[in-house]
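Enquirer: Here it is: the structure, laid out below.
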Amino acid sequence: MTTFQYLKGLIMYRPFRYFINALAWTIIYLAPIAPGLITKAFFDSLTEKSTLSIGVWGLIALLIAAALGRILLIIVGFITDVQFRFRMGMLLRRNLLEHVLKQPGAQAIPVSPGEAISHFRDDVDQSEEAVSWSVDVFGMTVFALVSGYILIRIDAQMTLLVFMPIVIVITAAQLATVRLQKYRAASRESTSKVTGEISEMFGNVQAIQVAGAEKRVIDRFRSFGDSRRKAMLKDRLMSELLDSVFSNSVNLGTGLLLLLAGTKMRAGTFSVGDLALFVYYLTFVTQFITNVGKFITYFKQMSVSLKRLTFLLQGASAKVLTMVRPLYLKKERVGVKTSAASMVGKAVGARGNDLVEVQGQEKRRGQKQVQEQVRKQDQEQEQVQGQEQEQVQEQEQEQDEVQDQAQKQDQEQDQVQDQADDGVIAPPLQRLEVNGLSYTYPETGRGIADIHFAMQRGSFTVITGTIGSGKTTLVRSLLGLLPKEGGTIAWNGVPVEDPGTFFTPPQSAYTAQVPRLYSDTLRNNVLLGQAEQGDSLQQALNAAVLEYDVAQLPGGLDTVIGPRGVKLSGGQAQRTAAARMLVRDAELYVFDDLSSALDVETEQKLWERMFQRRREATCLVVSHRKTALTRADHIIVMKDGRIEAEGTSEELLLRSSTFRELWYGDDRKA
Ligand SMILES: Nc1ncnc2c1ncn2[C@@H]1O[C@H](COP(=O)(O)OP(=O)(O)OP(=O)(O)O)[C@@H](O)[C@H]1O
């Protein structure tokens, strides 16, 4: 997308508001035409060249009225500007945010969160600025044309001699904006780095302290700060330099005007009123040239912003940025679950509808056959006279029953179809099948390849393997947190089109290896906005073996656990994440190495309680612990991104050396 297309896309978001804004500012810029002409007439009246007889006070009153009128217009102009530009900024941020949220969770943004914030803030502002200035340029061009026409009619030679040098000076200064653009890009980049570093530091306070790296981290931060200072200085210096050239052009013009006007006035070809008008318009015309320059600069900076925003889209078309959408992310539908759930429904729904439709057609075909048969039988019955009445009645009854049954089945299917159309939930899990799943990290070329496995309802499957063998990658690719490169995932035989939106509650819930907690109360960290229903929270805490810990906390469930849950132990943090998962009803629970911060006894309790609570829960668990392995119906052993062996623990102890190492390694650790 070119910068011009981007600008146009933003304008076309609210073309009417843009038009109103342009109209308001064109009137504002045209407003000085009248006071200029009044001033000219007044001065000419002093030398008896004009018949205007309003006197000094009359002139002052007229000029004040014109100024007040312009102020009023400017207020209106600000209102129209704000109405347009903030909507445009919101659209950009909204589209960006929606795109980021739709990305696989593990790859949502290609930069640090701090840098992403800087893109959201500065680059959107920059784009707003450029579009807003385009309005000014339009208004001022109209002013320049009208005033130019008036001045040329008075004295074409004078107009040319005064304004040409100004145009040349300003154009030369404009050329220097290429450098300004370079400096601006560098200052943006350095600001992003500083913002990113701040968020990294705040996010990793513990790690920095544990490593005794405070000084090194601060030194690094200081070096980023220094680079930023230098880049900002160059940027500001260049901006101010150009500004001063632009603003001093008026003085240059006035000087030229005085030099040239003297001779012409002596010759009687240039009146005092003409001089007053030239001086009066000079400021505005110079402002026009300056502002056109500014707009060109903003336009160039906008191209830098467009590049940076497009980078955030990670390969998606830049058109995403200006797509016309309502300014909110979700549209809640009354009576339907959250949009995530509705997306889920649609993911399966698309296929589900096909299935229902095919089945429906078969049923209807079946029904027609039955009816056909009935008709035939009727004819036969009419032909065979004298047959016993009883037999006929029996047959009719049977036909009615068959028809009733077919009708009932049709009604049931209609119901299923309605549900799928509403996008509520996918059907309960009976079987999950993964075939040929693969993903490679572009940075390392590592990942997983050709993963096949299946899980039945209520089963407990453990993924185990050596460090870095691809366990987490497998889970993340399955759940759509990484974009799978190949393979299929089927829920009850129906392919899952978009795992990222499908594998969310109520289909599945997930606890990551490194839990993400927020600086909020424990309660809010578990519920994450979900309404507290009955004793569901207590049950989840109990299932996650967290009830004792909660009782020990000073504020219980209302204890604020600090940024990233720093006030909790590693095990408490993981169990909080597990409680967050368990408080949500799900068909499939996925745990990524929950045991890494739990002792054997606590882990044992956790599995026991989990199964007491949900007998039918299907679990996919990454673990190397015997507690989990002995409970498993099926174990998948990963090595170098592939499944090396699978089976029960007894089978694997006989067959897999990797598994034996993991099994006895666990003994050695215990
Ligand atoms: N974000 C990433 N970028 C590039 N390569 C990665 C990334 N994450 C993991 N890898 C690589 O992919 C391979 C599989 O990693 P993965 O985290 O899935 O292993 P794992 O079995 O879960 O390891 P662990 O037991 O340490 O949790 C490893 O070789 C790792 O170096």
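If you're wondering about the labels, chains in the structure tokens are A, B, ... by order shown, residues count from 1 in each chain, ligands from 1 in order shown.
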Taking only C-alpha atoms and all ligand atoms and a cut-off of 7 Å, can you tell me which residues surround ligand 1, written as a VMD selection string?
Expert: chain A and resid 441 to 447 465 to 474 641
Enquirer: Restricted to C-alpha atoms, what would the selected residues look like written as a PDB file, in the first residue's frame?
Expert:
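Output contents, as saved in part.pdb:
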ATOM      1  CA  TYR A 441      10.272 -21.966  14.243  1.00  0.00           C
ATOM      2  CA  PRO A 442      11.697 -19.797  11.450  1.00  0.00           C
ATOM      3  CA  GLU A 443      14.476 -18.537  13.739  1.00  0.00           C
ATOM      4  CA  THR A 444      15.920 -21.934  14.712  1.00  0.00           C
ATOM      5  CA  GLY A 445      14.500 -24.366  12.205  1.00  0.00           C
ATOM      6  CA  ARG A 446      13.442 -26.500  15.196  1.00  0.00           C
ATOM      7  CA  GLY A 447       9.908 -27.509  16.091  1.00  0.00           C
ATOM      8  CA  GLY A 465      10.251 -36.373  26.352  1.00  0.00           C
ATOM      9  CA  THR A 466      13.669 -34.875  26.775  1.00  0.00           C
ATOM     10  CA  ILE A 467      14.267 -31.145  27.193  1.00  0.00           C
ATOM     11  CA  GLY A 468      13.629 -29.250  23.968  1.00  0.00           C
ATOM     12  CA  SER A 469      12.049 -32.282  22.277  1.00  0.00           C
ATOM     13  CA  GLY A 470       8.990 -30.270  21.177  1.00  0.00           C
ATOM     14  CA  LYS A 471       6.388 -30.934  23.908  1.00  0.00           C
ATOM     15  CA  THR A 472       5.362 -27.292  24.350  1.00  0.00           C
ATOM     16  CA  THR A 473       5.471 -26.687  20.602  1.00  0.00           C
ATOM     17  CA  LEU A 474       3.128 -29.647  20.090  1.00  0.00           C
ATOM     18  CA  GLY A 641      10.371 -32.843  17.400  1.00  0.00           C
TER      19      GLY A 641
END
Enquirer: Considering only C-alpha atoms, return as a ChimeraX atom specification whatever protein or nucleic-acid residues lie within 8 Å of Lys484 of chain A, sequence-local ones (same chain, fewer than 3 positions apart) excluded.
Expert: /A:437-439,477-478,480,487
Enquirer: Include C-alpha atoms and write out the residues we just selected as a JSON list (two decimals), in the first residue's frame.
Expert:
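Contents of result09.json, freshly written:
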[["chain", "number", "residue", "atom", "x", "y", "z"],
["A", 437, "LEU", "CA", 0.75, -31.82, 12.73],
["A", 438, "SER", "CA", 3.95, -29.86, 12.15],
["A", 439, "TYR", "CA", 5.46, -26.50, 12.93],
["A", 477, "SER", "CA", 0.41, -25.85, 17.64],
["A", 478, "LEU", "CA", -2.57, -27.99, 18.59],
["A", 480, "GLY", "CA", -3.54, -22.65, 17.62],
["A", 487, "GLY", "CA", -1.62, -31.50, 9.40]]
Enquirer: Which is closest to Thr159 of chain A among A:Val526, A:Met12, A:Ala261, A:Val217, if we use only C-alpha atoms?
Expert: A:Ala261
Enquirer: Considering only C-alpha atoms, tabulate each residue of segment 74-114 of chain A that lies at most 9 Å from segment 189-202 of chain A along with its nearest interatomic pair and the corresponding distance in Å to one decimal; arrange the rows by chain and ascending residue number and present them as JSON lines.
Expert:
{"residue": "A:Val111", "atom": "CA", "partner": "A:Gly196", "partner_atom": "CA", "distance": 8.5}
{"residue": "A:Ser112", "atom": "CA", "partner": "A:Gly196", "partner_atom": "CA", "distance": 5.8}
{"residue": "A:Pro113", "atom": "CA", "partner": "A:Gly196", "partner_atom": "CA", "distance": 6.5}
{"residue": "A:Gly114", "atom": "CA", "partner": "A:Gly196", "partner_atom": "CA", "distance": 3.8}
Enquirer: What's the separation between atom CA of Tyr149 of chain A and atom CA of Thr283 of chain A, in Å to one decimal place?
Expert: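 These atoms are spaced 16.2 Å apart.
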Enquirer: If you count only C-alpha atoms, which residues fall within 8 Å of segment 72-81 of chain A, apart from same-chain ones fewer than 4 positions away, as JSON, numbers by chain?
Expert: {"A": [17, 20, 21, 24, 25, 27, 28, 68, 85, 132]}
Enquirer: Enumerate the residues of segment 73-114 of chain A with a DSSP assignment of alpha helix (DSSP H), computed from the backbone, and present them as a VMD selection string.
Expert: chain A and resid 73 to 102 113 to 114
Enquirer: Excluding Leu606 of chain A and its own-chain neighbours fewer than 3 positions away, which residues fall within 10 Å of it when counting only C-alpha atoms? Please give them as a ChimeraX atom specification.
Expert: /A:542-546,575,578,595,598,600-603,609-612
Enquirer: Could you check which of A:Val475, A:Ala426, A:Val245, A:Val434 is closest to Pro506 of chain A, using only C-alpha atoms?
Expert: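 Nearest to Pro506 of chain A: A:Ala426.
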Enquirer: Nearest residue to Ile11 of chain A out of A:Gly148, A:Gly315, A:Gly89, A:Gly212, using only C-alpha atoms?
Expert: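 Distance minimum relative to Ile11 of chain A lands on A:Gly89.
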Enquirer: Counting only C-alpha atoms, what is within 8 Å of segment 178-181 of chain A, bar same-chain residues fewer than 3 positions away, as JSON, numbers by chain?
Expert: {"A": [174, 175, 184, 185, 235, 238, 239, 297, 300, 301]}
Enquirer: Pull C-alpha atoms from the residues just selected and write them as a tab-separated table (two decimals), in the first residue's frame.
Expert:
chain	number	residue	atom	x	y	z
A	174	GLN	CA	11.75	21.56	1.98
A	175	LEU	CA	14.36	19.52	0.22
A	184	ARG	CA	12.54	11.35	12.67
A	185	ALA	CA	12.70	7.62	11.89
A	235	ASP	CA	15.39	15.59	14.99
A	238	MET	CA	16.44	20.01	12.09
A	239	SER	CA	12.74	20.68	12.73
A	297	THR	CA	6.97	16.53	5.97
A	300	LYS	CA	6.79	11.61	4.60
A	301	GLN	CA	6.66	10.82	8.30
Enquirer: Using only C-alpha atoms, which residue out of A:Gly493, A:Gly9, A:Gly36, A:Gly534 lies closest to Val279 of chain A?
Expert: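 Result for the nearest residue to Val279 of chain A: A:Gly36.
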Enquirer: Just want the 9 Å neighbourhood of Ala509 of chain A, counted on only C-alpha atoms, with same-chain residues fewer than 3 positions away dropped. Output as an MDAnalysis selection string.
Expert: chainID A and resid 503:506 580:582 584:591
